[in-house]
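In what follows, a structure is listed as structure tokens, so that the remarks can point back to it.
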Amino acid sequence: MPDDDASHQTGRRVLLKLSGESFAKPGSFGIDADELAVIAQEVADAATQGTQLAVVVGGGNIIRGAQLAAAGHIEQATADYMGMLGTVINALALREKLLTLGVPSRVLSALEVRSVAEPFIRGRAIRHLEKGRVVILAAGTGNPFFTTDTCASLRARELECSMLLKATKVDGVYDCDPAKNPNAKRYETLRFDEAIDKQLGVMDLTAMAMCREHNIPVVVFDFKKSGNIRRVVGGERIGTLVSRDGK
């Protein structure tokens, strides 16, 4: 493995949001070894292009806290903390696989889990990025009642990222569900205002409003297509671009 302390990386800085479902087989829970290998290789390929890469991971493959809370089994704050711990599990798995691929990586957690991850400190995260390490951000914002989408927009602002890249199961943003309507229209570009007004489900409204306020463009793309993460991190236009002016 290269001496990551000696390798400084320059260039643009982006944040990649990975859902928990990217770690599991479709319709399944947990971490699937094959899916982990695929997503880690995609991230590794993207990290070798000279772009500083931060990754926010979801935890829906481990536990869906919102569903437990909605069913009345667990108080929402507790359920949300359980979901945050699920993201820590995914972050550790991704880091370990990236290290086996020779990609220097660190996990920074918004919750204190000192035995397995560093605490999230903005300056430390930026220093890791400047040294060419992939920074994997776990435990969301560290607060209940906020989604990992909101965490992604918050961290993108804190770390001064030029773009937020949201990896999904579909190849962009549609005017309705393409799985239910074969005539659904996919947008090449969108304005934040339009996406919010039409409630197109790009991200939750708090996350969208934050990206709009701080002028952080969002790209929604299909992570299942081989090479897409590398292409979008490299600046290639795929999926749907959501921005202030829609261009």
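Following the order of the structure tokens, chains are lettered A, B, ..., residues in each are numbered from 1, and ligands are numbered from 1.
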Q | Residues flagged alpha helix (DSSP H) by DSSP in stretch 38-156 of chain A, as a PyMOL selection string | A | chain A and resi 38-47+65-70+76-100+122-130+148-156
Q: Can you pull out every residue within 12 Å of A:Glu213, counting only C-alpha atoms, but drop anything in the same chain fewer than 6 positions away, and send it as a PyMOL selection string?
A: chain A and resi 153-154+157+192-193+205-207+243-244
Export, as a PDB file, in the first residue's frame, the selected residues with C-alpha atoms.
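Okay, this is what ended up in selection.pdb:
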```pdb
ATOM      1  CA  SER A 153     -25.786  18.523   2.003  1.00  0.00           C
ATOM      2  CA  LEU A 154     -24.439  19.707   5.366  1.00  0.00           C
ATOM      3  CA  ARG A 157     -21.101  22.722   2.617  1.00  0.00           C
ATOM      4  CA  PHE A 192     -33.860  23.601  -7.297  1.00  0.00           C
ATOM      5  CA  ASP A 193     -37.064  25.635  -7.130  1.00  0.00           C
ATOM      6  CA  LEU A 205     -36.685  19.245   1.399  1.00  0.00           C
ATOM      7  CA  THR A 206     -34.223  20.278   4.115  1.00  0.00           C
ATOM      8  CA  ALA A 207     -31.324  18.903   2.079  1.00  0.00           C
ATOM      9  CA  SER A 243     -28.843  23.518  -9.762  1.00  0.00           C
ATOM     10  CA  ARG A 244     -29.982  27.072  -9.139  1.00  0.00           C
TER      11      ARG A 244
END
```
For stretch 150-207 of chain A versus stretch 216-222 of chain A, which residues have an atom no more than 9 Å away, and what is each residue's nearest atom pair and distance in Å rounded to one decimal, using only C-alpha atoms, chain-then-number order, as JSON lines?
```
{"residue": "A:Ser153", "atom": "CA", "partner": "A:Ile216", "partner_atom": "CA", "distance": 8.1}
{"residue": "A:Ala156", "atom": "CA", "partner": "A:Ile216", "partner_atom": "CA", "distance": 7.8}
{"residue": "A:Arg157", "atom": "CA", "partner": "A:Ile216", "partner_atom": "CA", "distance": 7.6}
{"residue": "A:Cys161", "atom": "CA", "partner": "A:Ile216", "partner_atom": "CA", "distance": 7.7}
{"residue": "A:Ser162", "atom": "CA", "partner": "A:Ile216", "partner_atom": "CA", "distance": 6.4}
{"residue": "A:Met163", "atom": "CA", "partner": "A:Pro217", "partner_atom": "CA", "distance": 5.2}
{"residue": "A:Leu164", "atom": "CA", "partner": "A:Val218", "partner_atom": "CA", "distance": 4.8}
{"residue": "A:Leu165", "atom": "CA", "partner": "A:Val219", "partner_atom": "CA", "distance": 4.8}
{"residue": "A:Lys166", "atom": "CA", "partner": "A:Val220", "partner_atom": "CA", "distance": 4.8}
{"residue": "A:Ala167", "atom": "CA", "partner": "A:Phe221", "partner_atom": "CA", "distance": 5.4}
{"residue": "A:Thr168", "atom": "CA", "partner": "A:Asp222", "partner_atom": "CA", "distance": 5.1}
{"residue": "A:Lys169", "atom": "CA", "partner": "A:Asp222", "partner_atom": "CA", "distance": 5.3}
{"residue": "A:Val170", "atom": "CA", "partner": "A:Asp222", "partner_atom": "CA", "distance": 4.9}
{"residue": "A:Asp171", "atom": "CA", "partner": "A:Asp222", "partner_atom": "CA", "distance": 4.4}
{"residue": "A:Gly172", "atom": "CA", "partner": "A:Phe221", "partner_atom": "CA", "distance": 5.0}
{"residue": "A:Val173", "atom": "CA", "partner": "A:Val220", "partner_atom": "CA", "distance": 6.7}
{"residue": "A:Phe192", "atom": "CA", "partner": "A:Pro217", "partner_atom": "CA", "distance": 8.9}
{"residue": "A:Val202", "atom": "CA", "partner": "A:Val220", "partner_atom": "CA", "distance": 7.4}
```
Store the residues picked out above in a file with N, CA and C atoms, as a compact mmCIF listing (two decimals), in the first residue's frame.
```txt
# COMPACT_ATOMS: atom_id res chain seq x y z
N SER A 153 -25.81 17.10 2.37
CA SER A 153 -25.79 18.52 2.00
C SER A 153 -25.01 19.34 3.03
N ALA A 156 -21.29 18.56 2.56
CA ALA A 156 -20.81 19.16 1.32
C ALA A 156 -20.50 20.64 1.53
N ARG A 157 -21.34 21.31 2.31
CA ARG A 157 -21.10 22.72 2.62
C ARG A 157 -19.91 22.89 3.55
N CYS A 161 -17.29 21.37 -0.78
CA CYS A 161 -17.35 20.54 -1.99
C CYS A 161 -18.01 21.33 -3.12
N SER A 162 -17.55 21.08 -4.33
CA SER A 162 -18.09 21.79 -5.48
C SER A 162 -19.39 21.17 -5.97
N MET A 163 -19.67 19.92 -5.55
CA MET A 163 -20.85 19.23 -6.07
C MET A 163 -21.22 18.09 -5.13
N LEU A 164 -22.53 17.78 -5.09
CA LEU A 164 -23.03 16.64 -4.34
C LEU A 164 -23.54 15.62 -5.34
N LEU A 165 -23.04 14.40 -5.26
CA LEU A 165 -23.39 13.35 -6.21
C LEU A 165 -24.22 12.30 -5.49
N LYS A 166 -25.48 12.16 -5.88
CA LYS A 166 -26.37 11.22 -5.21
C LYS A 166 -26.55 9.97 -6.06
N ALA A 167 -26.01 8.86 -5.55
CA ALA A 167 -26.11 7.58 -6.25
C ALA A 167 -27.44 6.92 -5.91
N THR A 168 -28.20 6.55 -6.94
CA THR A 168 -29.53 5.97 -6.74
C THR A 168 -29.70 4.73 -7.62
N LYS A 169 -30.91 4.14 -7.56
CA LYS A 169 -31.20 2.96 -8.38
C LYS A 169 -31.69 3.33 -9.77
N VAL A 170 -31.99 4.60 -10.00
CA VAL A 170 -32.49 5.04 -11.31
C VAL A 170 -31.51 6.02 -11.93
N ASP A 171 -31.67 6.25 -13.22
CA ASP A 171 -30.67 7.01 -13.97
C ASP A 171 -30.94 8.51 -13.99
N GLY A 172 -31.62 9.02 -12.97
CA GLY A 172 -31.87 10.45 -12.92
C GLY A 172 -33.18 10.74 -12.21
N VAL A 173 -33.65 11.96 -12.39
CA VAL A 173 -34.91 12.40 -11.78
C VAL A 173 -36.00 12.39 -12.83
N PHE A 192 -33.48 23.97 -8.65
CA PHE A 192 -33.86 23.60 -7.30
C PHE A 192 -35.31 23.97 -7.01
N VAL A 202 -36.00 14.33 -5.18
CA VAL A 202 -34.55 14.29 -5.40
C VAL A 202 -33.86 13.97 -4.08
```
Q.
Here is a test: counting only C-alpha atoms, which residue of A:Val14, A:Ile62, A:Leu94, A:Ala37 is nearest to A:Met82?
A. A:Ile62
Q. What lies within 9 Å of stretch 22-24 of chain A using only C-alpha atoms, ignoring chain neighbours under 2 positions off, as a PyMOL selection string?
A. chain A and resi 18-20+26-39+58+61+90+94+167-169+223-224
I want to know what sits within 7 Å of A:Leu190, based on only C-alpha atoms, with residues of the same chain fewer than 6 positions away left out; could you give that as a short mmCIF file (atom, residue, chain, number, x, y, z; two decimals) with C-alpha atoms, in the first residue's frame?
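Contents of around28.cif, as written:
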```cif
data_model
loop_
_atom_site.label_atom_id
_atom_site.label_comp_id
_atom_site.auth_asym_id
_atom_site.auth_seq_id
_atom_site.Cartn_x
_atom_site.Cartn_y
_atom_site.Cartn_z
CA LEU A 241 -28.18 17.90 -12.77
CA VAL A 242 -30.11 19.97 -10.23
CA SER A 243 -28.84 23.52 -9.76
CA GLY A 246 -30.99 24.47 -14.17
#
```
Q: Apply DSSP to the structure's backbone, then extract all residues of stretch 37-237 of chain A labelled strand (DSSP E) and return them as a count of residues only.
A: 36
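Of the residues listed (A:Ile74, A:Ser105, A:Ala138, A:Met203), A:Ala138 shows the shortest atom-to-atom separation from A:Ile89; distances use only C-alpha atoms.
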Would you list the contacts of stretch 115-122 of chain A as a short mmCIF file (atom, residue, chain, number, x, y, z; two decimals) with N, CA and C atoms, in the first residue's frame, taking every protein, DNA or RNA residue within 7 Å and counting only C-alpha atoms, but skipping same-chain residues closer than 6 positions in sequence?
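Everything below was put into result.cif:
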```cif
data_model
loop_
_atom_site.label_atom_id
_atom_site.label_comp_id
_atom_site.auth_asym_id
_atom_site.auth_seq_id
_atom_site.Cartn_x
_atom_site.Cartn_y
_atom_site.Cartn_z
N VAL A 107 -12.62 6.63 8.30
CA VAL A 107 -14.02 6.78 8.72
C VAL A 107 -14.08 7.84 9.80
N LEU A 108 -14.93 8.86 9.57
CA LEU A 108 -15.18 9.90 10.57
C LEU A 108 -16.66 9.83 10.94
N SER A 109 -16.92 9.72 12.23
CA SER A 109 -18.29 9.52 12.69
C SER A 109 -18.80 10.72 13.47
N GLU A 158 -19.86 22.08 4.61
CA GLU A 158 -18.77 22.19 5.57
C GLU A 158 -17.40 21.93 4.93
N LEU A 159 -17.35 20.95 4.04
CA LEU A 159 -16.08 20.56 3.44
C LEU A 159 -15.79 21.30 2.14
#
```
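Distances from A:Gln41, A:Thr87, A:Asn183, A:Thr100 to A:Gly140 were compared using only C-alpha atoms, and the smallest one belongs to A:Thr87.
Ranking A:Glu42, A:Ile63, A:Arg95, A:Pro104 by their shortest atom-to-atom distance to A:Glu130, with only C-alpha atoms included, puts A:Pro104 first.
The shortest atom-to-atom distance to A:Arg124, with only C-alpha atoms taken into account, belongs to A:Arg106 out of A:Val88, A:Asp197, A:Arg106, A:Ala209.
Atom CA of A:Ile126 is positioned 19.3 Å from atom CA of A:Leu99.
The closest residue to A:Glu75, picked from A:Val233, A:Leu111, A:Pro144, A:Met210 and counting only C-alpha atoms, is A:Pro144.
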(Q) Could you tell me how far atom CA of A:Val57 sits from atom CA of A:Cys151, in Å to one decimal place? (A) 9.5 Å
